[in-house]
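Shown here: final.cif, mmCIF, C-alpha atoms.
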```
data_start
loop_
_atom_site.label_atom_id
_atom_site.label_comp_id
_atom_site.auth_asym_id
_atom_site.auth_seq_id
_atom_site.Cartn_x
_atom_site.Cartn_y
_atom_site.Cartn_z
CA ARG A 203 2.10 14.74 1.84
CA MET A 204 -0.54 13.55 -0.58
CA ASP A 205 -1.13 16.81 -2.48
CA ARG A 206 0.33 15.52 -5.73
CA VAL A 207 -1.38 12.13 -5.46
CA VAL A 208 -4.73 13.88 -4.90
CA GLY A 209 -4.12 16.14 -7.91
CA LEU A 210 -2.90 13.33 -10.16
CA ARG A 211 -5.82 11.09 -9.21
CA MET A 212 -8.30 13.86 -10.06
CA ALA A 213 -6.60 14.45 -13.43
CA LEU A 214 -6.51 10.74 -14.30
CA ASN A 215 -10.11 10.18 -13.21
CA ALA A 216 -11.24 13.07 -15.44
CA GLN A 217 -9.93 11.08 -18.44
CA SER A 218 -10.40 7.47 -17.35
CA PRO A 219 -13.61 5.44 -17.75
CA VAL A 220 -12.53 3.51 -14.63
CA PRO A 221 -12.04 5.66 -11.51
CA TYR A 222 -8.79 5.11 -9.62
CA SER A 223 -8.91 4.90 -5.84
CA TYR A 224 -6.30 6.28 -3.49
CA ASN A 225 -5.59 2.69 -2.53
CA ASP A 226 -4.38 2.02 -6.11
CA PHE A 227 -1.71 4.69 -5.69
CA VAL A 228 -0.78 3.43 -2.22
CA MET A 229 -0.46 -0.17 -3.42
CA MET A 230 1.80 0.82 -6.31
CA ALA A 231 3.91 3.08 -4.09
CA VAL A 232 4.28 0.32 -1.48
CA CYS A 233 5.32 -2.12 -4.22
CA LYS A 234 8.00 0.28 -5.45
CA THR A 235 9.18 0.88 -1.88
CA LEU A 236 9.41 -2.86 -1.20
CA MET A 237 11.62 -3.26 -4.28
CA MET A 238 13.95 -0.65 -2.75
CA ASN A 239 13.82 -2.33 0.68
CA PRO A 240 14.11 -6.10 0.17
CA ALA A 241 14.48 -6.78 3.91
CA VAL A 242 10.82 -5.71 4.34
CA ASN A 243 9.71 -7.85 1.37
CA ALA A 244 10.43 -11.02 3.31
CA THR A 245 9.00 -13.90 5.27
CA PHE A 246 10.25 -15.64 8.41
CA ASP A 247 9.44 -19.31 8.99
CA GLY A 248 10.87 -19.50 12.50
CA ILE A 249 14.16 -20.89 11.22
CA GLY A 250 15.30 -18.48 8.56
CA VAL A 251 14.46 -15.26 6.74
CA HIS A 252 13.51 -15.48 3.09
CA THR A 253 13.70 -12.30 1.02
CA HIS A 254 11.66 -12.32 -2.16
CA ALA A 255 12.79 -11.04 -5.55
CA SER A 256 9.19 -10.40 -6.55
CA VAL A 257 6.55 -8.43 -4.63
CA ASP A 258 3.49 -10.55 -3.90
CA LEU A 259 1.50 -7.77 -2.25
CA ALA A 260 -1.43 -8.73 -0.03
CA PHE A 261 -4.19 -6.34 0.94
CA ALA A 262 -6.83 -6.64 3.64
CA VAL A 263 -10.48 -7.09 2.63
CA ALA A 264 -13.16 -6.99 5.33
CA LEU A 265 -15.64 -9.85 5.44
CA GLU A 266 -18.49 -10.58 7.79
CA GLY A 267 -16.82 -12.01 10.86
CA GLY A 268 -13.23 -11.29 9.83
CA LEU A 269 -10.94 -10.41 6.98
CA ILE A 270 -8.94 -12.01 4.23
CA THR A 271 -5.81 -10.84 2.45
CA PRO A 272 -5.87 -11.50 -1.29
CA VAL A 273 -2.44 -11.37 -2.94
CA ILE A 274 -1.46 -9.55 -6.13
CA LYS A 275 1.34 -11.70 -7.49
CA GLN A 276 4.38 -10.03 -9.08
CA CYS A 277 2.92 -6.62 -8.34
CA GLU A 278 6.14 -4.88 -9.43
CA ARG A 279 5.37 -5.80 -13.05
CA LEU A 280 1.95 -4.12 -13.10
CA THR A 281 0.80 -0.68 -14.17
CA LEU A 282 -1.45 1.48 -12.01
CA MET A 283 -4.47 0.35 -14.07
CA GLN A 284 -3.52 -3.31 -13.71
CA ILE A 285 -3.15 -2.92 -9.94
CA HIS A 286 -6.56 -1.22 -9.84
CA GLN A 287 -8.14 -4.06 -11.82
CA ALA A 288 -6.46 -6.75 -9.72
CA CYS A 289 -7.59 -5.13 -6.46
CA GLU A 290 -11.16 -4.73 -7.70
CA GLU A 291 -11.43 -8.27 -9.00
CA LEU A 292 -9.78 -9.96 -6.01
CA ALA A 293 -11.76 -7.89 -3.47
CA GLU A 294 -15.06 -8.68 -5.20
CA ARG A 295 -14.30 -12.40 -5.31
CA ALA A 296 -13.10 -12.30 -1.69
CA ARG A 297 -16.43 -10.80 -0.55
CA LYS A 298 -18.24 -13.59 -2.41
CA MET A 299 -15.94 -16.19 -0.79
CA LYS A 300 -14.72 -17.33 -4.21
CA LEU A 301 -10.96 -16.96 -3.83
CA LYS A 302 -8.74 -19.97 -4.43
CA PRO A 303 -6.14 -20.70 -1.71
CA ASP A 304 -3.24 -19.56 -3.92
CA GLU A 305 -4.99 -16.19 -4.27
CA TYR A 306 -4.82 -15.43 -0.54
CA MET A 307 -1.72 -17.33 0.57
CA GLY A 308 1.95 -16.57 0.04
CA GLY A 309 2.09 -12.78 0.18
CA SER A 310 5.40 -11.12 0.95
CA CYS A 311 3.90 -8.03 2.68
CA THR A 312 0.40 -6.70 3.45
CA VAL A 313 -1.32 -3.32 3.17
CA SER A 314 -4.28 -2.68 5.48
CA ASN A 315 -6.16 0.46 4.44
CA LEU A 316 -8.83 1.82 6.79
CA GLY A 317 -8.75 5.34 5.39
CA MET A 318 -12.41 5.13 4.42
CA PHE A 319 -13.27 5.14 8.13
CA GLY A 320 -11.58 8.52 8.69
CA LEU A 321 -8.97 7.16 11.10
CA ASP A 322 -5.80 9.15 11.75
CA ASN A 323 -3.82 5.98 12.52
CA PHE A 324 -4.18 2.42 13.76
CA GLN A 325 -1.97 -0.50 14.72
CA PRO A 326 -2.00 -3.40 12.25
CA ILE A 327 -1.23 -7.00 13.15
CA ILE A 328 1.44 -8.78 11.11
CA ASN A 329 0.21 -11.63 8.93
CA PRO A 330 2.75 -14.47 9.52
CA PRO A 331 5.04 -15.57 7.97
CA GLN A 332 5.34 -12.02 6.60
CA VAL A 333 7.64 -9.72 8.57
CA ALA A 334 5.75 -6.43 8.07
CA ILE A 335 2.35 -4.89 7.48
CA LEU A 336 1.53 -1.29 6.58
CA ALA A 337 -1.51 0.44 8.10
CA VAL A 338 -2.91 3.21 5.89
CA ALA A 339 -5.13 5.86 7.48
CA ALA A 340 -7.34 8.56 6.00
CA ILE A 341 -6.18 11.27 3.62
CA LYS A 342 -7.21 14.53 5.27
CA GLN A 343 -6.70 18.23 4.76
CA GLN A 344 -4.25 19.51 7.36
CA PRO A 345 -2.13 22.60 8.02
CA CYS A 346 1.21 21.92 6.29
CA VAL A 347 4.53 23.67 5.84
CA ASP A 348 6.14 23.55 2.38
CA ASP A 349 9.87 23.20 1.72
CA ASP A 350 10.29 26.98 1.88
CA GLY A 351 8.65 27.24 5.30
CA HIS A 352 5.29 28.58 4.09
CA LEU A 353 2.09 27.47 5.78
CA TYR A 354 -0.68 26.08 3.57
CA VAL A 355 -3.63 23.68 3.74
CA GLY A 356 -2.62 20.38 2.16
CA TRP A 357 -3.54 16.73 2.00
CA GLN A 358 -1.78 14.34 4.38
CA MET A 359 -2.06 10.63 5.08
CA GLY A 360 -0.87 8.75 8.13
CA VAL A 361 0.76 5.33 7.87
CA THR A 362 2.05 2.91 10.49
CA LEU A 363 4.47 0.07 9.79
CA ALA A 364 4.42 -2.94 12.11
CA CYS A 365 7.63 -5.00 11.92
CA ASP A 366 8.58 -8.39 13.28
CA HIS A 367 11.61 -7.40 15.36
CA ARG A 368 13.02 -10.90 15.20
CA VAL A 369 13.83 -9.95 11.60
CA LEU A 370 13.53 -6.18 11.16
CA ASP A 371 14.80 -3.45 13.42
CA GLY A 372 13.45 0.06 13.70
CA ALA A 373 16.07 1.58 11.38
CA ILE A 374 15.05 -0.68 8.49
CA GLY A 375 11.38 0.15 9.11
CA ALA A 376 12.15 3.87 9.30
CA LYS A 377 14.05 3.74 5.99
CA PHE A 378 11.09 1.97 4.37
CA LEU A 379 8.72 4.69 5.61
CA ARG A 380 11.09 7.47 4.48
CA ASP A 381 11.33 5.93 1.01
CA LEU A 382 7.55 5.47 0.84
CA ARG A 383 7.04 9.12 1.75
CA GLN A 384 9.45 10.25 -0.96
CA ILE A 385 7.73 8.06 -3.57
CA LEU A 386 4.28 9.38 -2.64
CA ASP A 387 5.59 12.96 -2.73
CA ARG A 388 6.30 12.61 -6.49
CA PRO A 389 3.75 10.25 -8.11
CA GLU A 390 4.15 11.73 -11.60
CA GLY A 391 7.36 9.76 -12.07
CA TRP A 392 5.84 6.34 -11.46
CA ALA A 393 2.04 6.43 -11.65
CA LEU A 394 1.73 7.40 -15.31
#
```

Final structure tokens representation of the file:
Amino acid sequence: RMDRVVGLRMALNAQSPVPYSYNDFVMMAVCKTLMMNPAVNATFDGIGVHTHASVDLAFAVALEGGLITPVIKQCERLTLMQIHQACEELAERARKMKLKPDEYMGGSCTVSNLGMFGLDNFQPIINPPQVAILAVAAIKQQPCVDDDGHLYVGWQMGVTLACDHRVLDGAIGAKFLRDLRQILDRPEGWAL
């Protein structure tokens, strides 16, 4: 459910000179979820698994002929505005082919957001040596049922987590997705 994220984004954008994107909220929520699920915030070098204390969150940026994944280092230390600024700056420099190698290497997890294309879901491909990647689909109005069983029209977003099963099993991935859903359900506690 993205009802509260949609509402909070509209309220913040009414006051902010810089408009937040939905991706800003997703990136921050993923960062918080990775801190709760260190097994997903990991890399696998073929010999051993390395969990990371810090979230170096990569995000996919489309280029002509391919894509690149700039990395926001120590994302867990940043505010929503700082994540917004980092995404904007890194994406712009990526499109101009001006990223330094340390700005697109070494991520601990990746977010691939194709919501702007109106997709309901898609299957992402893991960016080795990372052990997971999250696919983010469009935010759409859908028939929903609230906690009291009442039908209403709300905002929903589909996500798909791809996991390297040499390292992560389905239960760990499912817990990550459950925690992400709970974080996105209540953005007021972390986005402000």

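Pairwise distance (CA of Ala262 in chain A, CA of Ser314 in chain A) equals 5.1 Å.
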
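For the point (-6.9, 18.2, 6.8), the residues with an atom at a distance of at most 12 Å are Arg203, Met204, Asp205, Gly320, Asp322, Ala340, Ile341, Lys342, Gln343, Gln344, Pro345, Cys346, Tyr354, Val355, Gly356, Trp357, Gln358, Met359 and Gly360 of chain A, counting all atoms listed in the file.
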
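Within 9 Å of range 287-292 of chain A, once all atoms listed in the file are used and residues closer than 5 positions along the same chain are dropped, the contacting residues are Asn225, Asp226, Phe261, Pro272, Val273, Ile274, Leu282, Arg297, Leu301 and Glu305 of chain A.
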
Selection to disk with C-alpha atoms, as an mmCIF file, in the coordinates of the input:
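File result.cif, as written:
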```cif
data_model
loop_
_atom_site.group_PDB
_atom_site.id
_atom_site.type_symbol
_atom_site.label_atom_id
_atom_site.label_comp_id
_atom_site.auth_asym_id
_atom_site.auth_seq_id
_atom_site.Cartn_x
_atom_site.Cartn_y
_atom_site.Cartn_z
ATOM 1 C CA ASN A 225 -5.590 2.690 -2.530
ATOM 2 C CA ASP A 226 -4.380 2.020 -6.110
ATOM 3 C CA PHE A 261 -4.190 -6.340 0.940
ATOM 4 C CA PRO A 272 -5.870 -11.500 -1.290
ATOM 5 C CA VAL A 273 -2.440 -11.370 -2.940
ATOM 6 C CA ILE A 274 -1.460 -9.550 -6.130
ATOM 7 C CA LEU A 282 -1.450 1.480 -12.010
ATOM 8 C CA ARG A 297 -16.430 -10.800 -0.550
ATOM 9 C CA LEU A 301 -10.960 -16.960 -3.830
ATOM 10 C CA GLU A 305 -4.990 -16.190 -4.270
#
```

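Between CA of Ala393 in chain A and CA of Phe378 in chain A there is a distance of 18.9 Å.
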
Using all atoms listed in the file for the distances, tell me which of A:Met283, A:Val220, A:Leu394, A:Leu259 is nearest to Val232 in chain A. A:Leu259

Show me a table, sorted first by chain and then by increasing residue number, of the residues of range 299-340 of chain A having an atom at most 12 Å from range 240-252 of chain A, each with its shortest atom pair and the distance in Å to one decimal, counting all atoms listed in the file and written as CSV.
```
residue,atom,partner,partner_atom,distance
A:Gly308,CA,A:Thr245,CA,9.2
A:Gly309,CA,A:Thr245,CA,8.7
A:Ser310,CA,A:Asn243,CA,5.4
A:Cys311,CA,A:Asn243,CA,6.0
A:Thr312,CA,A:Asn243,CA,9.6
A:Ile328,CA,A:Thr245,CA,10.8
A:Asn329,CA,A:Thr245,CA,9.8
A:Pro330,CA,A:Thr245,CA,7.6
A:Pro331,CA,A:Thr245,CA,5.1
A:Gln332,CA,A:Thr245,CA,4.3
A:Val333,CA,A:Thr245,CA,5.5
A:Ala334,CA,A:Val242,CA,6.3
A:Ile335,CA,A:Val242,CA,9.1
A:Leu336,CA,A:Val242,CA,10.5
```

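Reported to one decimal place, the separation of CA of Gln284 in chain A from CA of Ala260 in chain A is 14.9 Å.
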
Check which residues satisfy the PyMOL selection byres ((chain A and resi 363) around 9) in the file shown, then give them as an NGL selection string. :A and (325-326 or 334-338 or 361-362 or 364-365 or 375-376 or 378-379)

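Comparing the minimum interatomic distances between Leu210 in chain A and each of A:Val263, A:Leu316, A:Tyr222, A:Thr281, counting all atoms listed in the file, we find that A:Tyr222 sits nearest.
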
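Between Ile270 in chain A and the candidates A:Met307, A:Asp387, A:Ser256, A:Asn239, the tightest atom-to-atom separation, counting all atoms listed in the file, involves A:Met307.
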
Extending 8 Å beyond the listed atoms of range 304-321 of chain A on each side, what axis-aligned box results? I want centre and edge lengths in Å to one decimal, as AutoDock Vina command-line options.
```
--center_x -3.9 --center_y -5.5 --center_z 3.4 --size_x 34.7 --size_y 44.1 --size_z 31.4
```

Top pick for closest residue to Val313 in chain A, considering A:Ala231, A:Met237, A:Val208, A:Leu214 and counting only C-alpha atoms: A:Ala231

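Using all atoms listed in the file for every distance, the candidate list A:Leu269, A:Val228, A:Cys233, A:Met299 yields A:Val228 as the residue closest to Arg211 in chain A.
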
Residue with the minimum atom-to-atom distance to Gly391 in chain A, picked from A:Gln217, A:Lys234, A:Asp349, A:Thr253 with all atoms listed in the file counted, is A:Lys234
